[in-house]
Structure formats: structure tokens, C-alpha cells
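Visitor: Contents are mmCIF, C-alpha atoms; file name target_24.cif:
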```cif
data_data
#
loop_
_atom_site.group_PDB
_atom_site.id
_atom_site.type_symbol
_atom_site.label_atom_id
_atom_site.label_comp_id
_atom_site.auth_asym_id
_atom_site.auth_seq_id
_atom_site.Cartn_x
_atom_site.Cartn_y
_atom_site.Cartn_z
ATOM 1 C CA MET A 1 0.000 0.000 0.000
ATOM 2 C CA LEU A 2 2.203 2.886 1.245
ATOM 3 C CA SER A 3 5.952 3.366 1.640
ATOM 4 C CA ILE A 4 6.909 6.583 3.422
ATOM 5 C CA LEU A 5 10.421 7.705 2.455
ATOM 6 C CA ILE A 6 12.205 10.279 4.606
ATOM 7 C CA PRO A 7 15.724 11.345 3.582
ATOM 8 C CA THR A 8 17.464 12.606 6.702
ATOM 9 C CA TYR A 9 20.525 14.685 7.487
ATOM 10 C CA ASN A 10 21.664 15.738 10.963
ATOM 11 C CA TYR A 11 18.131 15.818 12.364
ATOM 12 C CA ASN A 12 15.997 14.034 14.933
ATOM 13 C CA VAL A 13 13.285 12.552 12.722
ATOM 14 C CA PHE A 14 11.752 10.262 15.360
ATOM 15 C CA PRO A 15 8.857 12.628 16.322
ATOM 16 C CA LEU A 16 7.792 12.806 12.663
ATOM 17 C CA VAL A 17 8.030 9.044 12.221
ATOM 18 C CA GLN A 18 6.046 8.410 15.388
ATOM 19 C CA LYS A 19 3.221 10.689 14.261
ATOM 20 C CA LEU A 20 3.072 9.099 10.818
ATOM 21 C CA TRP A 21 3.228 5.614 12.345
ATOM 22 C CA GLU A 22 0.262 6.348 14.596
ATOM 23 C CA GLN A 23 -1.802 7.692 11.697
ATOM 24 C CA CYS A 24 -0.971 4.720 9.469
ATOM 25 C CA ARG A 25 -1.947 2.261 12.182
ATOM 26 C CA GLU A 26 -5.186 4.138 12.731
ATOM 27 C CA GLN A 27 -6.006 3.718 9.035
ATOM 28 C CA GLN A 28 -5.245 -0.007 9.269
ATOM 29 C CA ILE A 29 -3.237 -0.094 6.047
ATOM 30 C CA GLU A 30 -0.146 -1.940 4.946
ATOM 31 C CA PHE A 31 2.715 0.500 5.313
ATOM 32 C CA GLU A 32 6.389 1.016 5.995
ATOM 33 C CA ILE A 33 8.370 4.074 7.063
ATOM 34 C CA LEU A 34 11.956 4.190 5.845
ATOM 35 C CA CYS A 35 14.430 6.858 6.942
ATOM 36 C CA GLN A 36 18.052 7.214 5.884
ATOM 37 C CA ASP A 37 20.643 9.590 7.251
ATOM 38 C CA ASP A 38 22.936 10.821 4.492
ATOM 39 C CA GLY A 39 26.318 10.395 6.135
ATOM 40 C CA SER A 40 25.955 13.267 8.609
ATOM 41 C CA GLN A 41 27.699 11.423 11.480
ATOM 42 C CA SER A 42 25.163 13.204 13.676
ATOM 43 C CA VAL A 43 24.509 12.599 17.357
ATOM 44 C CA HIS A 44 20.827 12.736 16.386
ATOM 45 C CA ASN A 45 21.244 9.249 14.971
ATOM 46 C CA ILE A 46 21.185 7.956 18.530
ATOM 47 C CA GLU A 47 17.649 9.341 18.823
ATOM 48 C CA ASN A 48 16.826 8.145 15.315
ATOM 49 C CA SER A 49 17.716 4.590 16.259
ATOM 50 C CA GLU A 50 14.471 4.585 18.270
ATOM 51 C CA ILE A 51 12.710 4.313 14.916
ATOM 52 C CA LEU A 52 13.757 0.658 14.863
ATOM 53 C CA THR A 53 11.513 -0.022 17.855
ATOM 54 C CA LEU A 54 8.402 0.799 15.818
ATOM 55 C CA GLU A 55 6.773 -1.940 13.791
ATOM 56 C CA ASN A 56 7.194 -1.571 9.997
ATOM 57 C CA CYS A 57 9.787 1.175 10.436
ATOM 58 C CA ASN A 58 13.466 1.202 9.582
ATOM 59 C CA PHE A 59 16.401 3.569 9.879
ATOM 60 C CA PHE A 60 19.508 3.379 7.717
ATOM 61 C CA ILE A 61 22.759 5.332 7.668
ATOM 62 C CA ASN A 62 24.817 6.119 4.579
ATOM 63 C CA GLU A 63 28.536 5.846 5.213
ATOM 64 C CA GLN A 64 29.150 8.764 2.848
ATOM 65 C CA ASN A 65 27.042 11.731 1.796
ATOM 66 C CA ILE A 66 25.424 11.073 -1.580
ATOM 67 C CA GLY A 67 23.014 14.013 -1.818
ATOM 68 C CA ARG A 68 19.290 14.273 -1.198
ATOM 69 C CA GLY A 69 18.140 13.021 -4.608
ATOM 70 C CA LYS A 70 20.311 9.918 -4.556
ATOM 71 C CA ASN A 71 19.284 9.316 -0.966
ATOM 72 C CA ILE A 72 15.617 9.245 -2.022
ATOM 73 C CA ASN A 73 16.492 6.932 -4.919
ATOM 74 C CA SER A 74 18.201 4.627 -2.448
ATOM 75 C CA LEU A 75 15.158 4.597 -0.168
ATOM 76 C CA TYR A 76 12.967 3.803 -3.163
ATOM 77 C CA LYS A 77 15.062 0.713 -3.885
ATOM 78 C CA LYS A 78 14.586 -0.438 -0.280
ATOM 79 C CA SER A 79 10.803 0.128 -0.375
ATOM 80 C CA LYS A 80 8.154 -2.376 -1.426
ATOM 81 C CA TYR A 81 4.716 -0.772 -1.742
ATOM 82 C CA GLU A 82 2.954 0.692 -4.768
ATOM 83 C CA TRP A 83 2.664 4.243 -3.424
ATOM 84 C CA LEU A 84 5.550 6.392 -2.185
ATOM 85 C CA LEU A 85 5.112 9.340 0.160
ATOM 86 C CA ILE A 86 8.279 11.458 0.156
ATOM 87 C CA LEU A 87 8.728 13.818 3.108
ATOM 88 C CA ASP A 88 11.583 16.004 4.284
ATOM 89 C CA CYS A 89 12.861 15.127 7.728
ATOM 90 C CA ASP A 90 12.189 18.607 9.125
ATOM 91 C CA VAL A 91 8.470 18.839 8.389
ATOM 92 C CA MET A 92 5.456 17.924 10.490
ATOM 93 C CA PRO A 93 1.938 17.154 9.196
ATOM 94 C CA VAL A 94 -0.548 19.863 10.026
ATOM 95 C CA SER A 95 -3.579 17.585 10.177
ATOM 96 C CA ASP A 96 -4.217 14.525 12.313
ATOM 97 C CA ARG A 97 -5.868 13.183 9.145
ATOM 98 C CA PHE A 98 -2.745 13.697 7.026
ATOM 99 C CA ILE A 99 -2.433 10.062 5.945
ATOM 100 C CA GLU A 100 -6.200 9.674 5.598
ATOM 101 C CA ASN A 101 -6.320 12.711 3.290
ATOM 102 C CA TYR A 102 -3.751 11.132 0.980
ATOM 103 C CA LEU A 103 -5.553 7.793 1.046
ATOM 104 C CA ASN A 104 -8.784 9.508 -0.016
ATOM 105 C CA THR A 105 -6.916 11.098 -2.914
ATOM 106 C CA LEU A 106 -5.890 7.664 -4.151
ATOM 107 C CA LYS A 107 -9.550 6.912 -4.817
ATOM 108 C CA ILE A 108 -9.342 9.316 -7.770
ATOM 109 C CA PRO A 109 -8.348 7.092 -10.738
ATOM 110 C CA GLU A 110 -6.272 9.642 -12.647
ATOM 111 C CA VAL A 111 -3.980 10.540 -9.730
ATOM 112 C CA GLU A 112 -0.356 9.490 -10.227
ATOM 113 C CA VAL A 113 1.426 12.323 -8.437
ATOM 114 C CA CYS A 114 -0.022 14.425 -5.618
ATOM 115 C CA TYR A 115 1.450 17.414 -3.808
ATOM 116 C CA GLY A 116 0.017 18.295 -0.400
ATOM 117 C CA GLY A 117 1.837 21.590 0.114
ATOM 118 C CA ILE A 118 4.282 23.133 2.571
ATOM 119 C CA ASN A 119 3.527 25.893 5.014
ATOM 120 C CA TYR A 120 5.308 27.915 7.692
ATOM 121 C CA LYS A 121 4.320 29.050 11.124
ATOM 122 C CA LYS A 122 2.749 32.506 11.128
ATOM 123 C CA ASN A 123 4.808 33.696 14.084
ATOM 124 C CA ARG A 124 8.043 35.355 12.983
ATOM 125 C CA PRO A 125 11.200 33.591 14.176
ATOM 126 C CA SER A 126 14.232 35.308 15.684
ATOM 127 C CA GLU A 127 15.979 37.959 13.605
ATOM 128 C CA SER A 128 18.895 35.615 12.857
ATOM 129 C CA HIS A 129 16.551 33.185 11.062
ATOM 130 C CA ILE A 130 14.092 35.566 9.438
ATOM 131 C CA LEU A 131 15.273 35.335 5.805
ATOM 132 C CA ARG A 132 14.466 31.621 5.423
ATOM 133 C CA TRP A 133 11.061 32.173 7.031
ATOM 134 C CA VAL A 134 10.154 35.138 4.793
ATOM 135 C CA TYR A 135 11.213 33.248 1.671
ATOM 136 C CA GLY A 136 9.294 30.131 2.675
ATOM 137 C CA TYR A 137 6.207 32.019 3.800
ATOM 138 C CA LYS A 138 5.994 34.116 0.616
ATOM 139 C CA ARG A 139 7.313 31.718 -2.020
ATOM 140 C CA GLU A 140 6.711 28.145 -0.840
ATOM 141 C CA SER A 141 3.613 28.390 1.354
ATOM 142 C CA LEU A 142 1.203 28.853 -1.529
ATOM 143 C CA SER A 143 -2.529 28.320 -1.807
ATOM 144 C CA VAL A 144 -3.887 25.253 -3.573
ATOM 145 C CA GLU A 145 -5.399 27.558 -6.197
ATOM 146 C CA HIS A 146 -2.007 29.074 -6.991
ATOM 147 C CA ARG A 147 -0.346 25.667 -7.166
ATOM 148 C CA LYS A 148 -3.018 24.401 -9.554
ATOM 149 C CA LYS A 149 -2.342 27.315 -11.901
ATOM 150 C CA LYS A 150 1.443 26.819 -11.881
ATOM 151 C CA PRO A 151 2.002 23.241 -10.699
ATOM 152 C CA TYR A 152 5.568 22.719 -11.881
ATOM 153 C CA GLN A 153 6.808 25.995 -10.421
ATOM 154 C CA SER A 154 5.207 25.578 -7.028
ATOM 155 C CA SER A 155 5.507 21.884 -6.209
ATOM 156 C CA LEU A 156 8.166 20.417 -3.937
ATOM 157 C CA THR A 157 9.231 16.876 -3.165
ATOM 158 C CA SER A 158 9.183 17.657 0.551
ATOM 159 C CA ASN A 159 5.537 16.468 0.752
ATOM 160 C CA LEU A 160 4.835 14.422 -2.348
ATOM 161 C CA LEU A 161 2.821 11.275 -2.985
ATOM 162 C CA ILE A 162 3.815 9.450 -6.158
ATOM 163 C CA SER A 163 3.049 6.067 -7.663
ATOM 164 C CA ARG A 164 5.850 3.542 -7.714
ATOM 165 C CA ASP A 165 5.531 3.108 -11.479
ATOM 166 C CA VAL A 166 5.958 6.826 -12.150
ATOM 167 C CA PHE A 167 8.926 7.174 -9.808
ATOM 168 C CA LYS A 168 10.597 4.113 -11.302
ATOM 169 C CA GLU A 169 10.720 5.888 -14.662
ATOM 170 C CA ASN A 170 11.484 9.343 -13.210
ATOM 171 C CA ARG A 171 14.051 9.001 -10.446
ATOM 172 C CA PHE A 172 16.204 11.865 -9.264
ATOM 173 C CA SER A 173 19.100 12.545 -11.603
ATOM 174 C CA ALA A 174 22.272 10.688 -10.650
ATOM 175 C CA VAL A 175 24.455 13.532 -11.951
ATOM 176 C CA ILE A 176 23.132 16.051 -9.425
ATOM 177 C CA THR A 177 25.490 15.901 -6.463
ATOM 178 C CA ASN A 178 25.438 19.494 -5.240
ATOM 179 C CA TYR A 179 22.764 21.289 -3.213
ATOM 180 C CA GLY A 180 19.823 22.929 -4.919
ATOM 181 C CA TYR A 181 17.225 22.640 -7.666
ATOM 182 C CA GLU A 182 17.002 18.837 -7.821
ATOM 183 C CA ASP A 183 13.239 19.295 -7.422
ATOM 184 C CA LEU A 184 13.150 21.615 -10.416
ATOM 185 C CA VAL A 185 14.770 18.991 -12.645
ATOM 186 C CA PHE A 186 12.508 16.270 -11.244
ATOM 187 C CA PHE A 187 9.299 18.167 -12.021
ATOM 188 C CA TYR A 188 10.641 19.393 -15.363
ATOM 189 C CA ASP A 189 11.086 15.761 -16.419
ATOM 190 C CA LEU A 190 7.505 14.992 -15.360
ATOM 191 C CA LYS A 191 6.240 17.915 -17.389
ATOM 192 C CA LEU A 192 8.090 16.735 -20.499
ATOM 193 C CA LYS A 193 6.221 13.440 -20.169
ATOM 194 C CA ASN A 194 2.865 15.161 -19.595
ATOM 195 C CA ILE A 195 2.505 13.676 -16.122
ATOM 196 C CA LYS A 196 0.008 15.783 -14.211
ATOM 197 C CA ILE A 197 0.577 16.861 -10.612
ATOM 198 C CA PHE A 198 -2.586 16.769 -8.557
ATOM 199 C CA HIS A 199 -2.819 19.280 -5.702
ATOM 200 C CA ILE A 200 -4.660 18.944 -2.420
ATOM 201 C CA ASP A 201 -4.753 20.960 0.770
ATOM 202 C CA ASN A 202 -2.770 18.579 2.981
ATOM 203 C CA PRO A 203 0.255 20.585 4.097
ATOM 204 C CA ALA A 204 3.216 19.784 6.254
ATOM 205 C CA THR A 205 4.852 22.559 8.244
ATOM 206 C CA HIS A 206 8.532 23.252 7.677
ATOM 207 C CA ILE A 207 9.832 23.583 11.226
ATOM 208 C CA ASN A 208 13.627 23.678 10.952
ATOM 209 C CA LEU A 209 14.808 27.048 9.670
ATOM 210 C CA ASP A 210 18.382 27.757 8.612
ATOM 211 C CA SER A 211 19.914 30.945 9.935
ATOM 212 C CA SER A 212 19.865 33.804 7.444
ATOM 213 C CA LYS A 213 23.635 33.516 6.942
ATOM 214 C CA VAL A 214 23.429 29.789 6.259
ATOM 215 C CA PHE A 215 20.429 30.202 3.943
ATOM 216 C CA LEU A 216 22.201 32.909 1.953
ATOM 217 C CA LYS A 217 25.242 30.666 1.572
ATOM 218 C CA LYS A 218 23.018 27.770 0.479
ATOM 219 C CA THR A 219 21.333 30.112 -1.997
ATOM 220 C CA ARG A 220 24.649 30.835 -3.695
ATOM 221 C CA ILE A 221 25.510 27.118 -3.799
ATOM 222 C CA ALA A 222 22.090 26.357 -5.297
ATOM 223 C CA ILE A 223 22.572 29.024 -7.971
ATOM 224 C CA GLU A 224 25.942 27.501 -8.853
ATOM 225 C CA ASN A 225 24.166 24.165 -9.238
ATOM 226 C CA LEU A 226 21.476 25.772 -11.399
ATOM 227 C CA ASP A 227 24.200 27.201 -13.618
ATOM 228 C CA TYR A 228 25.590 23.684 -14.018
ATOM 229 C CA LEU A 229 22.158 22.222 -14.777
ATOM 230 C CA THR A 230 21.342 24.816 -17.424
ATOM 231 C CA ASN A 231 24.753 24.384 -19.062
ATOM 232 C CA PHE A 232 23.826 20.755 -19.684
ATOM 233 C CA GLU A 233 20.231 21.674 -20.592
ATOM 234 C CA MET A 234 18.836 19.500 -17.815
ATOM 235 C CA VAL A 235 16.249 22.164 -17.104
ATOM 236 C CA LYS A 236 14.949 25.231 -18.918
ATOM 237 C CA GLY A 237 12.928 28.335 -18.014
ATOM 238 C CA GLU A 238 10.699 26.732 -15.397
ATOM 239 C CA ASN A 239 11.223 29.011 -12.402
ATOM 240 C CA ARG A 240 11.352 32.665 -11.429
ATOM 241 C CA LEU A 241 15.129 33.047 -11.670
ATOM 242 C CA LEU A 242 15.453 31.427 -15.088
ATOM 243 C CA LYS A 243 12.617 33.510 -16.494
ATOM 244 C CA GLN A 244 14.157 36.699 -15.099
ATOM 245 C CA PHE A 245 17.521 35.807 -16.583
ATOM 246 C CA ALA A 246 15.960 35.042 -19.964
ATOM 247 C CA THR A 247 14.510 38.556 -20.001
ATOM 248 C CA ILE A 248 17.760 40.399 -19.235
ATOM 249 C CA GLU A 249 19.669 38.146 -21.640
ATOM 250 C CA LYS A 250 17.161 38.961 -24.374
ATOM 251 C CA TYR A 251 17.902 42.684 -23.968
ATOM 252 C CA GLY A 252 21.667 42.234 -23.626
ATOM 253 C CA LEU A 253 21.756 43.204 -19.963
ATOM 254 C CA THR A 254 23.628 40.213 -18.541
ATOM 255 C CA LYS A 255 26.885 42.133 -18.090
ATOM 256 C CA THR A 256 25.043 45.093 -16.573
ATOM 257 C CA MET A 257 23.309 42.805 -14.064
ATOM 258 C CA SER A 258 26.609 41.163 -13.183
ATOM 259 C CA GLN A 259 28.199 44.562 -12.565
ATOM 260 C CA PHE A 260 25.209 45.584 -10.451
ATOM 261 C CA TYR A 261 25.726 42.495 -8.304
ATOM 262 C CA SER A 262 29.432 43.198 -7.829
ATOM 263 C CA TYR A 263 28.808 46.817 -6.862
ATOM 264 C CA PHE A 264 25.806 46.333 -4.569
ATOM 265 C CA LYS A 265 26.515 42.849 -3.172
ATOM 266 C CA LYS A 266 27.430 44.019 0.330
ATOM 267 C CA ASP A 267 24.482 46.416 0.508
ATOM 268 C CA MET A 268 22.085 43.697 -0.589
ATOM 269 C CA GLU A 269 23.503 41.277 1.972
ATOM 270 C CA ILE A 270 23.027 43.869 4.719
ATOM 271 C CA ASN A 271 19.342 43.995 3.812
ATOM 272 C CA LEU A 272 18.959 40.224 3.491
ATOM 273 C CA LEU A 273 20.581 39.597 6.878
ATOM 274 C CA SER A 274 18.486 42.277 8.580
ATOM 275 C CA ALA A 275 15.248 41.937 10.527
ATOM 276 C CA ASN A 276 13.234 42.934 7.425
ATOM 277 C CA PRO A 277 14.705 41.286 4.335
ATOM 278 C CA SER A 278 13.171 42.214 0.998
ATOM 279 C CA MET A 279 12.219 39.550 -1.508
ATOM 280 C CA THR A 280 12.827 42.076 -4.284
ATOM 281 C CA VAL A 281 16.401 42.463 -3.068
ATOM 282 C CA PHE A 282 16.657 38.683 -2.780
ATOM 283 C CA ASP A 283 15.577 38.289 -6.419
ATOM 284 C CA LEU A 284 18.124 40.892 -7.557
ATOM 285 C CA TYR A 285 20.830 39.194 -5.500
ATOM 286 C CA ARG A 286 20.139 35.813 -7.087
ATOM 287 C CA LEU A 287 19.767 37.232 -10.596
ATOM 288 C CA GLY A 288 23.000 39.207 -10.267
ATOM 289 C CA TYR A 289 24.988 36.222 -9.049
ATOM 290 C CA PHE A 290 23.529 33.965 -11.764
ATOM 291 C CA SER A 291 24.417 36.570 -14.394
ATOM 292 C CA GLN A 292 27.951 36.734 -13.052
ATOM 293 C CA LEU A 293 28.301 32.939 -13.321
ATOM 294 C CA LYS A 294 26.995 32.963 -16.885
ATOM 295 C CA LEU A 295 29.754 35.371 -17.923
ATOM 296 C CA GLN A 296 32.550 33.235 -16.557
#
```
Before we go any further, please render this structure as C-alpha cells.

Guide:
Amino acid sequence: MLSILIPTYNYNVFPLVQKLWEQCREQQIEFEILCQDDGSQSVHNIENSEILTLENCNFFINEQNIGRGKNINSLYKKSKYEWLLILDCDVMPVSDRFIENYLNTLKIPEVEVCYGGINYKKNRPSESHILRWVYGYKRESLSVEHRKKKPYQSSLTSNLLISRDVFKENRFSAVITNYGYEDLVFFYDLKLKNIKIFHIDNPATHINLDSSKVFLKKTRIAIENLDYLTNFEMVKGENRLLKQFATIEKYGLTKTMSQFYSYFKKDMEINLLSANPSMTVFDLYRLGYFSQLKLQ
């Protein structure tokens, strides 16, 4: 029936597993919950070992870090049921009927892939972590209506139900080893094959926020990965950044945008690391850095 796959890295995932386990048992379905730490060597793995005490649950540890996409592929190979529910380790279902909601969706014959959504707590976190919260709240925590209009731009594999047959033919790319945009490539491949993403209001809350400094560093790493992916044409204009870059490239403004980034980088970072980061500044920061990479 249902295999729940949770790629893990340096995080105590036991509370999430326990909640999912209770809901699955309540629904009286055949299920398994598989978690795999990606070589973090974390002390949290002591807590995660408690997963092994739960029936139908397992916890594995990769000796070396292989990346999130490959980690999910590895969990898929260890799984056995016809439906896969992929969840990030640092989310928590909003509803006590989270599993039931997905099971009801499976009654719809045409459903092959279903995205339940991600949301963020409404209370602002501390100033040191505000950038990740603002980005998530404004860009990832979208209404079902918005996601239906632009499914491939607003879906994430952090709360995704997918049939085993579809995933078997559309695994995460083995060439992506760096952080960032593996979801974009995954959904781009689905779009090329005309595989529809069904959306329901069944969110999980993202509860582990990176500090603003860490998130900004990860943003740059992700943009470097996007540059790599576009160089090999693994993905095309399917997100905000790529569409923005296509526009400035069309008008010959790539060099100008790169120079803007070099000149205003420190000023933009001051804003982004402040208590009130601007998403407009964040977009300019990303676009400027991407433009700079494209000129190298």
C-alpha cells in the first residue's frame, strides 16, 4: 500500500516518524516508514535509532554523503509498496488526518502524483533566522489555487505522494550531487512526459529554519548548481530566476546585471541579513549572481 520515504541529514526525525506511524496504524493499512541519514555522522542518529523499535519502520545510515536526490532513490530501492510518500525530515503534518487525506486522494483514478503543500508558522522567528522564514512564507507556502495554476513551479518533493511506477521511470538525476534545484529537474522531467501533478490541501509545516547567513550561503551554492544544470540543458525556463535571466539576456543586460551584483553585493547582503529582508532584493541578489556565473 504505502511506503513513506524520509531522507534525513543531521536531524531528529523520530517525532515525525512516530506521528506518521500512529496515523498509518489508525487507518489499518499496509505500510512502511523508511528513513536514511545521508552520512551526517550526527549525534541525532542515537535518537533516530528509536525508529527501529516501531513496527514496519526502519532507519539506515549512509557511510558517505550522496546528496538528497540519490538518498531518495536509495530509499525507493529499499521500499516495497505501490505508493511512495516522500517527506523532508524537518516537516510535520498539520492535520491529524494527514495520511487519511492522501488515502482519499488515491480513490481518484487519474492521480499518479499528488502534492500536499508546505507551510510555515505565522509567528516570525528570531531575527537571525528571518530570511528563510520570509522566503518560505511568501514563495513556498502557496494556496492550492495558486499551485493548480502553476504546478511545476510551485511543487516540492518535501511532501509528495507518487506512484511507484511513475517514480521508477522518473528518479532523481544521478548527476546532481550538489545542493539545490534537484526538485526543479525532477518536475521538469515529469512535465516533459505530460505527467500531471494533482494538488490537495494537505500541508506539512517546515519547522527547521536555517539561519539567514546559512540560507544565503546555500542560496549561492544552489545558484551555482542551477548554472551547471542549465549548461547541460537538464532544465529550462521553469522558475522565477530562469525567467528573469531570460529577459535580461534577451535585452543584452547580462553584463550590466553582473556589474550591479558586484557593486551592490554588500548592501544587498546587509538587507537580506536584517530583521526585514526584501524579496525584491533577494531576487536581484540571485539574478546578479547567476548573471555573473553565466559570464565566466

Visitor: Name the residues that the PyMOL selection byres ((chain A and resi 102-109) around 10) pulls out of this structure, and write them as a PyMOL selection string.

Guide: chain A and resi 1-2+27+29+83+85+97-101+110-116+160-161+163+198-202

Visitor: List as a list in words: which residues have an atom within 10 Å of (28.5, 30.9, -19.3), counting only C-alpha atoms?

Guide: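 The residues that fall inside the cut-off are Asp227, Tyr228, Thr230, Asn231, Phe290, Ser291, Gln292, Leu293, Lys294, Leu295 and Gln296 of chain A.
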
Visitor: Could you pull the residues within 8 Å of region 166-176 of chain A, counting all atoms listed in the file, minus those fewer than 5 positions along the same chain, as a PyMOL selection string?

Guide: chain A and resi 67+69-70+72-73+112+182+185-186+189-190

Visitor: When you draw a straight line from CA of Leu75 (chain A) to CA of Asp210 (chain A), how long is it in Å?

Guide: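 Going from CA of Leu75 (chain A) over to CA of Asp210 (chain A) covers 25.0 Å.
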
Visitor: I'd like a table as a tab-separated table: residues in region 58-119 of chain A with an atom no more than 9 Å from region 125-145 of chain A, each row giving the shortest atom pair and its distance in Å to one decimal, only C-alpha atoms counted, sorted by chain and rising residue number.

Guide:
```
residue	atom	partner	partner_atom	distance
A:Gly116	CA	A:Val144	CA	8.6
A:Gly117	CA	A:Ser141	CA	7.1
A:Ile118	CA	A:Ser141	CA	5.4
A:Asn119	CA	A:Ser141	CA	4.4
```

Visitor: Keeping only C-alpha atoms, take the residues you just selected and write them out as a PDB file, in the coordinates of the input.

Guide:
```pdb
ATOM      1  CA  GLY A 116       0.017  18.295  -0.400  1.00  0.00           C
ATOM      2  CA  GLY A 117       1.837  21.590   0.114  1.00  0.00           C
ATOM      3  CA  ILE A 118       4.282  23.133   2.571  1.00  0.00           C
ATOM      4  CA  ASN A 119       3.527  25.893   5.014  1.00  0.00           C
TER       5      ASN A 119
END
```

Visitor: Using all atoms listed in the file, find the one residue out of A:Asn65, A:Ser3, A:Thr8, A:Asn178 that sits nearest to Ile223 (chain A).

Guide: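 Looking only at the distances to Ile223 (chain A), the closest residue turns out to be A:Asn178.
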
Visitor: Interatomic distance between CA of Met268 (chain A) and CA of Leu253 (chain A)?

Guide: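 Spanning CA of Met268 (chain A) to CA of Leu253 (chain A) is a straight-line distance of 19.4 Å.
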
Visitor: Could you tell me how far CA of Ile195 (chain A) lies from CA of Ser155 (chain A), in Å and to one decimal?

Guide: 13.2 Å

Visitor: With the file shown as input, list the residues that the PyMOL selection byres ((chain A and resi 219-221) around 9) selects, as a short mmCIF file (atom, residue, chain, number, x, y, z; two decimals) with C-alpha atoms, keeping the file's coordinate frame.

Guide:
```cif
data_model
loop_
_atom_site.label_atom_id
_atom_site.label_comp_id
_atom_site.auth_asym_id
_atom_site.auth_seq_id
_atom_site.Cartn_x
_atom_site.Cartn_y
_atom_site.Cartn_z
CA ASN A 178 25.44 19.49 -5.24
CA TYR A 179 22.76 21.29 -3.21
CA GLY A 180 19.82 22.93 -4.92
CA VAL A 214 23.43 29.79 6.26
CA PHE A 215 20.43 30.20 3.94
CA LEU A 216 22.20 32.91 1.95
CA LYS A 217 25.24 30.67 1.57
CA LYS A 218 23.02 27.77 0.48
CA ALA A 222 22.09 26.36 -5.30
CA ILE A 223 22.57 29.02 -7.97
CA GLU A 224 25.94 27.50 -8.85
CA ASN A 225 24.17 24.16 -9.24
CA LEU A 226 21.48 25.77 -11.40
CA ARG A 286 20.14 35.81 -7.09
CA TYR A 289 24.99 36.22 -9.05
CA PHE A 290 23.53 33.97 -11.76
#
```

Visitor: Evaluate the PyMOL selection byres ((chain A and resi 64) around 10) against this structure - the residues, as a ChimeraX atom specification, please.

Guide: /A:37-41,61-63,65-67

Visitor: Go through A:His206, A:Asp90, A:Asn56, A:Ser158 and flag the residue nearest Lys122 (chain A), using all atoms listed in the file for the distances.

Guide: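 Of all the options, A:His206 lies closest to Lys122 (chain A).
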
Visitor: How would region 232-237 of chain A look with all heavy atoms restored, written as a PDB file, in the frame of the given file?

Guide:
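And here's selection-v9.pdb as it stands now:
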```pdb
ATOM      1  N   PHE A 232      24.042  22.070 -19.087  1.00  0.00           N
ATOM      2  CA  PHE A 232      23.826  20.755 -19.684  1.00  0.00           C
ATOM      3  C   PHE A 232      22.377  20.563 -20.129  1.00  0.00           C
ATOM      4  O   PHE A 232      21.951  19.447 -20.425  1.00  0.00           O
ATOM      5  CB  PHE A 232      24.224  19.659 -18.689  1.00  0.00           C
ATOM      6  CG  PHE A 232      25.714  19.537 -18.497  1.00  0.00           C
ATOM      7  CD1 PHE A 232      26.358  20.250 -17.516  1.00  0.00           C
ATOM      8  CD2 PHE A 232      26.465  18.732 -19.344  1.00  0.00           C
ATOM      9  CE1 PHE A 232      27.736  20.143 -17.342  1.00  0.00           C
ATOM     10  CE2 PHE A 232      27.842  18.621 -19.188  1.00  0.00           C
ATOM     11  CZ  PHE A 232      28.485  19.334 -18.179  1.00  0.00           C
ATOM     12  N   GLU A 233      21.622  21.666 -20.126  1.00  0.00           N
ATOM     13  CA  GLU A 233      20.231  21.674 -20.592  1.00  0.00           C
ATOM     14  C   GLU A 233      19.376  20.623 -19.890  1.00  0.00           C
ATOM     15  O   GLU A 233      18.485  20.008 -20.483  1.00  0.00           O
ATOM     16  CB  GLU A 233      20.163  21.493 -22.119  1.00  0.00           C
ATOM     17  CG  GLU A 233      20.821  22.631 -22.877  1.00  0.00           C
ATOM     18  CD  GLU A 233      20.571  22.560 -24.375  1.00  0.00           C
ATOM     19  OE1 GLU A 233      20.082  21.522 -24.841  1.00  0.00           O
ATOM     20  OE2 GLU A 233      20.853  23.555 -25.061  1.00  0.00           O
ATOM     21  N   MET A 234      19.640  20.432 -18.600  1.00  0.00           N
ATOM     22  CA  MET A 234      18.836  19.500 -17.815  1.00  0.00           C
ATOM     23  C   MET A 234      17.526  20.132 -17.364  1.00  0.00           C
ATOM     24  O   MET A 234      16.605  19.448 -16.921  1.00  0.00           O
ATOM     25  CB  MET A 234      19.626  19.021 -16.592  1.00  0.00           C
ATOM     26  CG  MET A 234      20.841  18.180 -16.958  1.00  0.00           C
ATOM     27  SD  MET A 234      21.743  17.632 -15.503  1.00  0.00           S
ATOM     28  CE  MET A 234      20.513  16.601 -14.703  1.00  0.00           C
ATOM     29  N   VAL A 235      17.467  21.446 -17.451  1.00  0.00           N
ATOM     30  CA  VAL A 235      16.249  22.164 -17.104  1.00  0.00           C
ATOM     31  C   VAL A 235      16.251  23.476 -17.867  1.00  0.00           C
ATOM     32  O   VAL A 235      17.315  24.046 -18.149  1.00  0.00           O
ATOM     33  CB  VAL A 235      16.157  22.407 -15.576  1.00  0.00           C
ATOM     34  CG1 VAL A 235      17.232  23.371 -15.113  1.00  0.00           C
ATOM     35  CG2 VAL A 235      14.783  22.904 -15.180  1.00  0.00           C
ATOM     36  N   LYS A 236      15.054  23.950 -18.217  1.00  0.00           N
ATOM     37  CA  LYS A 236      14.949  25.231 -18.918  1.00  0.00           C
ATOM     38  C   LYS A 236      14.060  26.164 -18.116  1.00  0.00           C
ATOM     39  O   LYS A 236      13.795  25.907 -16.951  1.00  0.00           O
ATOM     40  CB  LYS A 236      14.456  25.007 -20.344  1.00  0.00           C
ATOM     41  CG  LYS A 236      15.467  24.221 -21.178  1.00  0.00           C
ATOM     42  CD  LYS A 236      15.068  24.104 -22.642  1.00  0.00           C
ATOM     43  CE  LYS A 236      16.134  23.341 -23.414  1.00  0.00           C
ATOM     44  NZ  LYS A 236      15.777  23.197 -24.860  1.00  0.00           N
ATOM     45  N   GLY A 237      13.578  27.249 -18.732  1.00  0.00           N
ATOM     46  CA  GLY A 237      12.928  28.335 -18.014  1.00  0.00           C
ATOM     47  C   GLY A 237      11.697  27.990 -17.223  1.00  0.00           C
ATOM     48  O   GLY A 237      10.595  28.432 -17.553  1.00  0.00           O
TER      49      GLY A 237
END
```
